Structure formats: structure tokens, C-alpha cells
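Below you'll find the structure, written out as C-alpha cells, and then a few comments.
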Amino acid sequence: MSKKNIIKAFLISTVTALTLRLFVLEDYRISSDSMKPTLLSGDLVLVSKSAFNLRFPFTSFELIRTASPERSDVVAFTVPEKGPETFIKRVVAVGGDKVEIRKGLLWINNIPASYSPSETPEILRESPVAGKSYEVALGKMGSYQYGPVDIPKDHFFVLGDNRSESLDSRLWGPIPYSCLKGRVALVWLSVGERGSVRPQRWLSTIQ
């Protein structure tokens, strides 16, 4: 291959990689256990950036909206008062919903989620009235009360799956759609404490 063709191939591959990262996929490292048991500290996740919108790079300006988040989606987003920092949580309510927590349990539109035991002690499977089920750690949520809060149009409300160890919409309030960065698609790599690998989590999809 000639030097000219090598340079051309390098430029094409570089532009392709940058385009994918800016508009299609991006990876993030989970740095806390706020989404445990779904995501663990040290998980590296891939986020589908085109799942909801196409944004002008490095801004919150939407070029086009392709879809809206649904209840139970795990999403990446920014918080207006937090600057460019990316957060990953689970959507539990969308525009038009009323969200409330009564004695630690989730209620949407005055209908309680149902709960069932999982294979792991202290972990429950939460099944909201609308949306897929997923596992949560309720911890010390037994007497916790929140809301009710009405979610405005074009906003969503997020909670961490590790309910008593998460900073989320209970602190920030509903998040505008313009802050969405994408849907979390899968864990592509997972590294535990002291660099230990967790191959059983590799390439696992998100529920």
C-alpha cells in the first residue's frame, strides 16, 4: 500500500471512529454502587447515543429527537446544575406521570409497583404497573416517604436501583429530555477492586 493510501485509510478510520463516538456509541465507567445490582462500580458500559436524539457535539442542543425514554429504561444524562458530568440511572416516570414513594415502595399514578423475591438475598424484583421489571436493593427504605410529584411534559424522573444509596431525581427533580445522552445498552467489560476482572459480567445486556 502506498504512503498516500495509508494516510487516506488512517483519515477515514479516524473520522469514522470520531463520528461513532459523537453520534452513535460512547462508553462510560460506573464509579459507584448507586445502580447496584444492575450495574456495579467498575462496570464499563456502552451507551447508544442515537436511541433518543442526535445532539450537537459537546452541547445539550438537540439536532433531532428520534424517540422518548420509557419507564424502566436505564439512561445516561446530564443534570442542568451539574454541568457536563454524566449520570446513569433508571427512568421510573415520564411526562404526565405522578411519582411517589410510600414506605420505601414505588407508586406511579397512584398504582403501587409489585415486588417479588429474587435469587439474591436483600434484592427484590420491582414490577411497575407500566414498564419491564428489574432488580432493586431497597436497603433502609422501609419508612421512606417522597412526593407525590407531577412530571412535566418532556421530562423524566430517575431513581438508582440501590435506592438508599443513590443521588437521583429525589434530589434534582425531573430531568428535561434535552439532557438525555442515550440508553445504556450493555456492560462490555467489568473490573473489580484491585484490578480483578469479572468476565461473567462481560457483554451482558441491561434489564
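By convention in this document, the chains of the C-alpha cells carry letters A, B, ... by their order, each chain's residues are numbered from 1, and ligands are numbered from 1 in the order they are shown.
Neighbours of A:Thr120 closer than or equal to 12 Å, with only C-alpha atoms counted and sequence neighbours fewer than 6 positions away skipped, come out as A:Pro37, A:Glu135, A:Val136, A:Ala137.
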From a DSSP pass on the backbone, collect the residues of stretch 43-188 of chain A flagged as helix (DSSP H, G or I) and hand them back as a PDB file with all heavy atoms, in the first residue's frame.
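Final output, saved to states.pdb:
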```pdb
ATOM      1  N   PRO A  80     -28.875  19.752  34.712  1.00  0.00           N
ATOM      2  CA  PRO A  80     -28.595  21.155  34.370  1.00  0.00           C
ATOM      3  C   PRO A  80     -27.630  21.864  35.305  1.00  0.00           C
ATOM      4  O   PRO A  80     -26.694  22.525  34.856  1.00  0.00           O
ATOM      5  CB  PRO A  80     -29.997  21.792  34.404  1.00  0.00           C
ATOM      6  CG  PRO A  80     -30.909  20.682  34.001  1.00  0.00           C
ATOM      7  CD  PRO A  80     -30.317  19.436  34.612  1.00  0.00           C
ATOM      8  N   GLU A  81     -27.822  21.711  36.613  1.00  0.00           N
ATOM      9  CA  GLU A  81     -26.968  22.452  37.545  1.00  0.00           C
ATOM     10  C   GLU A  81     -25.645  21.750  37.843  1.00  0.00           C
ATOM     11  O   GLU A  81     -24.825  22.265  38.598  1.00  0.00           O
ATOM     12  CB  GLU A  81     -27.710  22.709  38.861  1.00  0.00           C
ATOM     13  CG  GLU A  81     -28.144  21.464  39.610  1.00  0.00           C
ATOM     14  CD  GLU A  81     -29.547  21.025  39.238  1.00  0.00           C
ATOM     15  OE1 GLU A  81     -29.977  21.310  38.110  1.00  0.00           O
ATOM     16  OE2 GLU A  81     -30.198  20.408  40.103  1.00  0.00           O
ATOM     17  N   LYS A  82     -25.424  20.577  37.231  1.00  0.00           N
ATOM     18  CA  LYS A  82     -24.207  19.818  37.488  1.00  0.00           C
ATOM     19  C   LYS A  82     -23.182  19.914  36.355  1.00  0.00           C
ATOM     20  O   LYS A  82     -22.154  19.250  36.393  1.00  0.00           O
ATOM     21  CB  LYS A  82     -24.548  18.340  37.728  1.00  0.00           C
ATOM     22  CG  LYS A  82     -25.385  18.073  38.967  1.00  0.00           C
ATOM     23  CD  LYS A  82     -24.588  18.287  40.233  1.00  0.00           C
ATOM     24  CE  LYS A  82     -25.402  17.918  41.468  1.00  0.00           C
ATOM     25  NZ  LYS A  82     -24.627  18.093  42.722  1.00  0.00           N
ATOM     26  N   ARG A 163     -31.642   2.004  46.102  1.00  0.00           N
ATOM     27  CA  ARG A 163     -32.469   3.147  46.464  1.00  0.00           C
ATOM     28  C   ARG A 163     -31.948   3.980  47.641  1.00  0.00           C
ATOM     29  O   ARG A 163     -32.080   5.207  47.638  1.00  0.00           O
ATOM     30  CB  ARG A 163     -33.901   2.678  46.748  1.00  0.00           C
ATOM     31  CG  ARG A 163     -34.605   2.128  45.533  1.00  0.00           C
ATOM     32  CD  ARG A 163     -35.014   3.220  44.566  1.00  0.00           C
ATOM     33  NE  ARG A 163     -35.273   2.697  43.236  1.00  0.00           N
ATOM     34  CZ  ARG A 163     -36.398   2.084  42.869  1.00  0.00           C
ATOM     35  NH1 ARG A 163     -37.381   1.917  43.733  1.00  0.00           N
ATOM     36  NH2 ARG A 163     -36.530   1.650  41.629  1.00  0.00           N
ATOM     37  N   SER A 164     -31.406   3.347  48.645  1.00  0.00           N
ATOM     38  CA  SER A 164     -30.970   4.122  49.809  1.00  0.00           C
ATOM     39  C   SER A 164     -29.546   4.652  49.658  1.00  0.00           C
ATOM     40  O   SER A 164     -29.039   5.332  50.539  1.00  0.00           O
ATOM     41  CB  SER A 164     -31.075   3.281  51.086  1.00  0.00           C
ATOM     42  OG  SER A 164     -30.249   2.136  50.998  1.00  0.00           O
ATOM     43  N   GLU A 165     -28.904   4.369  48.515  1.00  0.00           N
ATOM     44  CA  GLU A 165     -27.516   4.790  48.295  1.00  0.00           C
ATOM     45  C   GLU A 165     -27.368   5.535  46.968  1.00  0.00           C
ATOM     46  O   GLU A 165     -26.333   5.445  46.317  1.00  0.00           O
ATOM     47  CB  GLU A 165     -26.584   3.572  48.304  1.00  0.00           C
ATOM     48  CG  GLU A 165     -26.607   2.754  49.576  1.00  0.00           C
ATOM     49  CD  GLU A 165     -26.050   3.502  50.773  1.00  0.00           C
ATOM     50  OE1 GLU A 165     -25.235   4.414  50.565  1.00  0.00           O
ATOM     51  OE2 GLU A 165     -26.454   3.190  51.915  1.00  0.00           O
ATOM     52  N   SER A 169     -33.349  11.824  41.061  1.00  0.00           N
ATOM     53  CA  SER A 169     -34.378  12.865  40.916  1.00  0.00           C
ATOM     54  C   SER A 169     -35.057  13.236  42.224  1.00  0.00           C
ATOM     55  O   SER A 169     -35.736  14.268  42.291  1.00  0.00           O
ATOM     56  CB  SER A 169     -35.440  12.425  39.896  1.00  0.00           C
ATOM     57  OG  SER A 169     -34.960  12.551  38.580  1.00  0.00           O
ATOM     58  N   ARG A 170     -34.888  12.435  43.253  1.00  0.00           N
ATOM     59  CA  ARG A 170     -35.403  12.841  44.557  1.00  0.00           C
ATOM     60  C   ARG A 170     -34.690  14.091  45.044  1.00  0.00           C
ATOM     61  O   ARG A 170     -35.235  14.867  45.837  1.00  0.00           O
ATOM     62  CB  ARG A 170     -35.243  11.701  45.566  1.00  0.00           C
ATOM     63  CG  ARG A 170     -36.144  10.517  45.296  1.00  0.00           C
ATOM     64  CD  ARG A 170     -35.798   9.341  46.175  1.00  0.00           C
ATOM     65  NE  ARG A 170     -34.514   8.741  45.799  1.00  0.00           N
ATOM     66  CZ  ARG A 170     -33.967   7.695  46.406  1.00  0.00           C
ATOM     67  NH1 ARG A 170     -34.581   7.153  47.458  1.00  0.00           N
ATOM     68  NH2 ARG A 170     -32.826   7.192  45.996  1.00  0.00           N
ATOM     69  N   LEU A 171     -33.461  14.292  44.572  1.00  0.00           N
ATOM     70  CA  LEU A 171     -32.680  15.488  44.903  1.00  0.00           C
ATOM     71  C   LEU A 171     -32.772  16.541  43.804  1.00  0.00           C
ATOM     72  O   LEU A 171     -32.943  17.723  44.074  1.00  0.00           O
ATOM     73  CB  LEU A 171     -31.218  15.099  45.124  1.00  0.00           C
ATOM     74  CG  LEU A 171     -30.219  16.234  45.365  1.00  0.00           C
ATOM     75  CD1 LEU A 171     -30.531  16.959  46.675  1.00  0.00           C
ATOM     76  CD2 LEU A 171     -28.790  15.703  45.386  1.00  0.00           C
ATOM     77  N   TRP A 172     -32.661  16.092  42.519  1.00  0.00           N
ATOM     78  CA  TRP A 172     -32.583  17.032  41.395  1.00  0.00           C
ATOM     79  C   TRP A 172     -33.934  17.428  40.839  1.00  0.00           C
ATOM     80  O   TRP A 172     -34.050  18.430  40.151  1.00  0.00           O
ATOM     81  CB  TRP A 172     -31.765  16.424  40.249  1.00  0.00           C
ATOM     82  CG  TRP A 172     -30.449  15.851  40.641  1.00  0.00           C
ATOM     83  CD1 TRP A 172     -29.531  16.413  41.492  1.00  0.00           C
ATOM     84  CD2 TRP A 172     -29.888  14.613  40.205  1.00  0.00           C
ATOM     85  NE1 TRP A 172     -28.435  15.594  41.603  1.00  0.00           N
ATOM     86  CE2 TRP A 172     -28.622  14.481  40.819  1.00  0.00           C
ATOM     87  CE3 TRP A 172     -30.320  13.602  39.336  1.00  0.00           C
ATOM     88  CZ2 TRP A 172     -27.796  13.385  40.612  1.00  0.00           C
ATOM     89  CZ3 TRP A 172     -29.499  12.508  39.117  1.00  0.00           C
ATOM     90  CH2 TRP A 172     -28.247  12.402  39.755  1.00  0.00           C
ATOM     91  N   TYR A 177     -35.791  16.305  28.711  1.00  0.00           N
ATOM     92  CA  TYR A 177     -35.346  15.402  27.654  1.00  0.00           C
ATOM     93  C   TYR A 177     -34.065  15.894  26.979  1.00  0.00           C
ATOM     94  O   TYR A 177     -33.269  15.102  26.488  1.00  0.00           O
ATOM     95  CB  TYR A 177     -36.437  15.253  26.591  1.00  0.00           C
ATOM     96  CG  TYR A 177     -37.589  14.343  26.965  1.00  0.00           C
ATOM     97  CD1 TYR A 177     -38.649  14.152  26.089  1.00  0.00           C
ATOM     98  CD2 TYR A 177     -37.622  13.691  28.188  1.00  0.00           C
ATOM     99  CE1 TYR A 177     -39.721  13.328  26.419  1.00  0.00           C
ATOM    100  CE2 TYR A 177     -38.682  12.867  28.531  1.00  0.00           C
ATOM    101  CZ  TYR A 177     -39.729  12.700  27.643  1.00  0.00           C
ATOM    102  OH  TYR A 177     -40.781  11.875  27.978  1.00  0.00           O
ATOM    103  N   SER A 178     -33.885  17.204  26.931  1.00  0.00           N
ATOM    104  CA  SER A 178     -32.708  17.753  26.258  1.00  0.00           C
ATOM    105  C   SER A 178     -31.401  17.328  26.931  1.00  0.00           C
ATOM    106  O   SER A 178     -30.331  17.439  26.329  1.00  0.00           O
ATOM    107  CB  SER A 178     -32.783  19.282  26.210  1.00  0.00           C
ATOM    108  OG  SER A 178     -32.860  19.835  27.517  1.00  0.00           O
ATOM    109  N   CYS A 179     -31.483  16.824  28.175  1.00  0.00           N
ATOM    110  CA  CYS A 179     -30.283  16.396  28.889  1.00  0.00           C
ATOM    111  C   CYS A 179     -29.931  14.932  28.637  1.00  0.00           C
ATOM    112  O   CYS A 179     -28.906  14.453  29.120  1.00  0.00           O
ATOM    113  CB  CYS A 179     -30.458  16.615  30.393  1.00  0.00           C
ATOM    114  SG  CYS A 179     -30.485  18.356  30.873  1.00  0.00           S
TER     115      CYS A 179
END
```
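The smallest atom-to-atom distance between A:Val74 and any of A:Val191, A:Ile101, A:Ala185, A:Leu44, using only C-alpha atoms, is found for A:Ala185.
If only C-alpha atoms are the atoms counted, then among A:Asp150, A:Glu100, A:Asp73, A:Glu193 the closest residue to A:Tyr134 is A:Asp73.
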Checklist line | Contact residues around A:Val158 with only C-alpha atoms at 10 Å, ignoring same-chain residues under 4 positions, as a list in words | finding: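 Neighbouring residues, sequence-local ones excluded: Arg71, Ser72, Asp73, Val74, Val75, Ile88, Lys89, Arg90, Val91, Val92, Ala93, Val94, Leu167, Asp168, Ser169, Arg170, Trp172, Gly173, Pro174 and Ile175 of chain A.
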Mind writing the picked residues with C-alpha atoms as an mmCIF file, in the first residue's frame?
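For reference, part23.cif as written:
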```cif
data_model
loop_
_atom_site.group_PDB
_atom_site.id
_atom_site.type_symbol
_atom_site.label_atom_id
_atom_site.label_comp_id
_atom_site.auth_asym_id
_atom_site.auth_seq_id
_atom_site.Cartn_x
_atom_site.Cartn_y
_atom_site.Cartn_z
ATOM 1 C CA ARG A 71 -40.348 3.676 32.117
ATOM 2 C CA SER A 72 -37.672 1.145 33.195
ATOM 3 C CA ASP A 73 -35.050 2.357 30.667
ATOM 4 C CA VAL A 74 -31.536 2.796 32.065
ATOM 5 C CA VAL A 75 -30.251 6.060 30.622
ATOM 6 C CA ILE A 88 -26.620 6.809 34.789
ATOM 7 C CA LYS A 89 -29.944 5.917 36.454
ATOM 8 C CA ARG A 90 -33.260 4.215 35.727
ATOM 9 C CA VAL A 91 -36.296 6.050 34.366
ATOM 10 C CA VAL A 92 -39.323 5.338 36.575
ATOM 11 C CA ALA A 93 -41.687 8.061 35.359
ATOM 12 C CA VAL A 94 -42.148 10.238 32.275
ATOM 13 C CA LEU A 167 -28.464 10.609 44.410
ATOM 14 C CA ASP A 168 -31.172 10.981 41.781
ATOM 15 C CA SER A 169 -34.378 12.865 40.916
ATOM 16 C CA ARG A 170 -35.403 12.841 44.557
ATOM 17 C CA TRP A 172 -32.583 17.032 41.395
ATOM 18 C CA GLY A 173 -36.230 16.822 40.411
ATOM 19 C CA PRO A 174 -37.440 15.822 36.926
ATOM 20 C CA ILE A 175 -34.819 15.951 34.150
#
```
Next item on the list: May I have the residues within 8 Å of A:Ser32 as an MDAnalysis selection string, using only C-alpha atoms and disregarding those fewer than 6 positions away in the same chain?
Entry: chainID A and resid 40:42
Keeping all heavy atoms for every residue in the selection just given, could you write it to a file as a PDB file, in the first residue's frame?
```
ATOM      1  N   LEU A  40     -22.514  -2.359  38.601  1.00  0.00           N
ATOM      2  CA  LEU A  40     -21.599  -2.337  39.726  1.00  0.00           C
ATOM      3  C   LEU A  40     -20.461  -1.368  39.464  1.00  0.00           C
ATOM      4  O   LEU A  40     -20.103  -1.106  38.301  1.00  0.00           O
ATOM      5  CB  LEU A  40     -21.020  -3.739  39.964  1.00  0.00           C
ATOM      6  CG  LEU A  40     -22.011  -4.879  40.151  1.00  0.00           C
ATOM      7  CD1 LEU A  40     -21.246  -6.185  40.383  1.00  0.00           C
ATOM      8  CD2 LEU A  40     -22.961  -4.601  41.307  1.00  0.00           C
ATOM      9  N   SER A  41     -19.890  -0.839  40.517  1.00  0.00           N
ATOM     10  CA  SER A  41     -18.715   0.006  40.381  1.00  0.00           C
ATOM     11  C   SER A  41     -17.618  -0.777  39.648  1.00  0.00           C
ATOM     12  O   SER A  41     -17.300  -1.903  40.017  1.00  0.00           O
ATOM     13  CB  SER A  41     -18.219   0.443  41.765  1.00  0.00           C
ATOM     14  OG  SER A  41     -17.065   1.240  41.654  1.00  0.00           O
ATOM     15  N   GLY A  42     -17.075  -0.190  38.604  1.00  0.00           N
ATOM     16  CA  GLY A  42     -16.068  -0.869  37.790  1.00  0.00           C
ATOM     17  C   GLY A  42     -16.602  -1.431  36.491  1.00  0.00           C
ATOM     18  O   GLY A  42     -15.825  -1.850  35.626  1.00  0.00           O
TER      19      GLY A  42
END
```
Note to self: At a cut-off of 7 Å, using only C-alpha atoms, what residues contact A:Leu203? Leave out same-chain residues fewer than 2 positions from it and give the result as a ChimeraX atom specification.
What the structure shows: /A:186-189,201,205
Output C-alpha atoms of each residue in that selection to a file, as a PDB file, in the first residue's frame.
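And here is the file that came out, result.pdb:
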```
ATOM      1  CA  LEU A 186     -24.729  -3.347  27.766  1.00  0.00           C
ATOM      2  CA  VAL A 187     -21.796  -3.941  30.080  1.00  0.00           C
ATOM      3  CA  TRP A 188     -18.885  -4.626  27.725  1.00  0.00           C
ATOM      4  CA  LEU A 189     -16.204  -5.024  30.399  1.00  0.00           C
ATOM      5  CA  ARG A 201     -20.459  -9.621  33.505  1.00  0.00           C
ATOM      6  CA  THR A 205     -27.315  -6.630  28.371  1.00  0.00           C
TER       7      THR A 205
END
```
Next item on the list: Report as a VMD selection string: the residues of stretch 83-136 of chain A with a DSSP assignment of strand (DSSP E), based on the backbone of this structure.
Entry: chain A and resid 87 to 94 98 to 102 105 to 108 111 to 112 114 to 117 124 to 127 134 to 136
Next item on the list: May I have the residues within 7 Å of A:Lys103 as a list in words, using only C-alpha atoms and disregarding those fewer than 5 positions away in the same chain?
Entry: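 The neighbour list is Met141, Gly142, Ser143, Tyr144 and Gln145 of chain A.
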Residues from last step as file, N, CA, C and O atoms, as an mmCIF file, in the first residue's frame:
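Output saved as again11.cif:
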```cif
data_model
loop_
_atom_site.group_PDB
_atom_site.id
_atom_site.type_symbol
_atom_site.label_atom_id
_atom_site.label_comp_id
_atom_site.auth_asym_id
_atom_site.auth_seq_id
_atom_site.Cartn_x
_atom_site.Cartn_y
_atom_site.Cartn_z
ATOM 1 N N MET A 141 -35.027 1.646 53.217
ATOM 2 C CA MET A 141 -36.108 2.463 52.676
ATOM 3 C C MET A 141 -37.448 2.212 53.355
ATOM 4 O O MET A 141 -38.459 2.793 52.970
ATOM 5 N N GLY A 142 -37.493 1.367 54.365
ATOM 6 C CA GLY A 142 -38.755 0.910 54.937
ATOM 7 C C GLY A 142 -39.734 1.997 55.316
ATOM 8 O O GLY A 142 -40.938 1.871 55.104
ATOM 9 N N SER A 143 -39.269 3.114 55.883
ATOM 10 C CA SER A 143 -40.175 4.179 56.319
ATOM 11 C C SER A 143 -40.070 5.425 55.439
ATOM 12 O O SER A 143 -40.646 6.466 55.750
ATOM 13 N N TYR A 144 -39.342 5.304 54.325
ATOM 14 C CA TYR A 144 -39.059 6.480 53.489
ATOM 15 C C TYR A 144 -40.299 6.933 52.725
ATOM 16 O O TYR A 144 -41.024 6.125 52.147
ATOM 17 N N GLN A 145 -40.531 8.246 52.723
ATOM 18 C CA GLN A 145 -41.666 8.832 52.005
ATOM 19 C C GLN A 145 -41.139 9.911 51.055
ATOM 20 O O GLN A 145 -40.226 10.682 51.412
#
```
Next item on the list: Write out as a PyMOL selection string the residues lying within 10 Å of A:Leu138, counting only C-alpha atoms and excluding same-chain residues fewer than 6 positions away.
Entry: chain A and resi 104-105+122-124+161-165
Could you please take those selected residues and save C-alpha atoms as an mmCIF file, in the first residue's frame?
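File part_19.cif, as written:
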```
data_model
loop_
_atom_site.group_PDB
_atom_site.id
_atom_site.type_symbol
_atom_site.label_atom_id
_atom_site.label_comp_id
_atom_site.auth_asym_id
_atom_site.auth_seq_id
_atom_site.Cartn_x
_atom_site.Cartn_y
_atom_site.Cartn_z
ATOM 1 C CA GLY A 104 -39.995 2.755 50.580
ATOM 2 C CA LEU A 105 -42.122 1.388 47.735
ATOM 3 C CA GLU A 122 -31.943 -8.484 50.149
ATOM 4 C CA ILE A 123 -32.669 -7.919 46.452
ATOM 5 C CA LEU A 124 -36.251 -7.614 45.178
ATOM 6 C CA ASP A 161 -31.657 0.775 41.694
ATOM 7 C CA ASN A 162 -29.761 0.937 45.000
ATOM 8 C CA ARG A 163 -32.469 3.147 46.464
ATOM 9 C CA SER A 164 -30.970 4.122 49.809
ATOM 10 C CA GLU A 165 -27.516 4.790 48.295
#
```
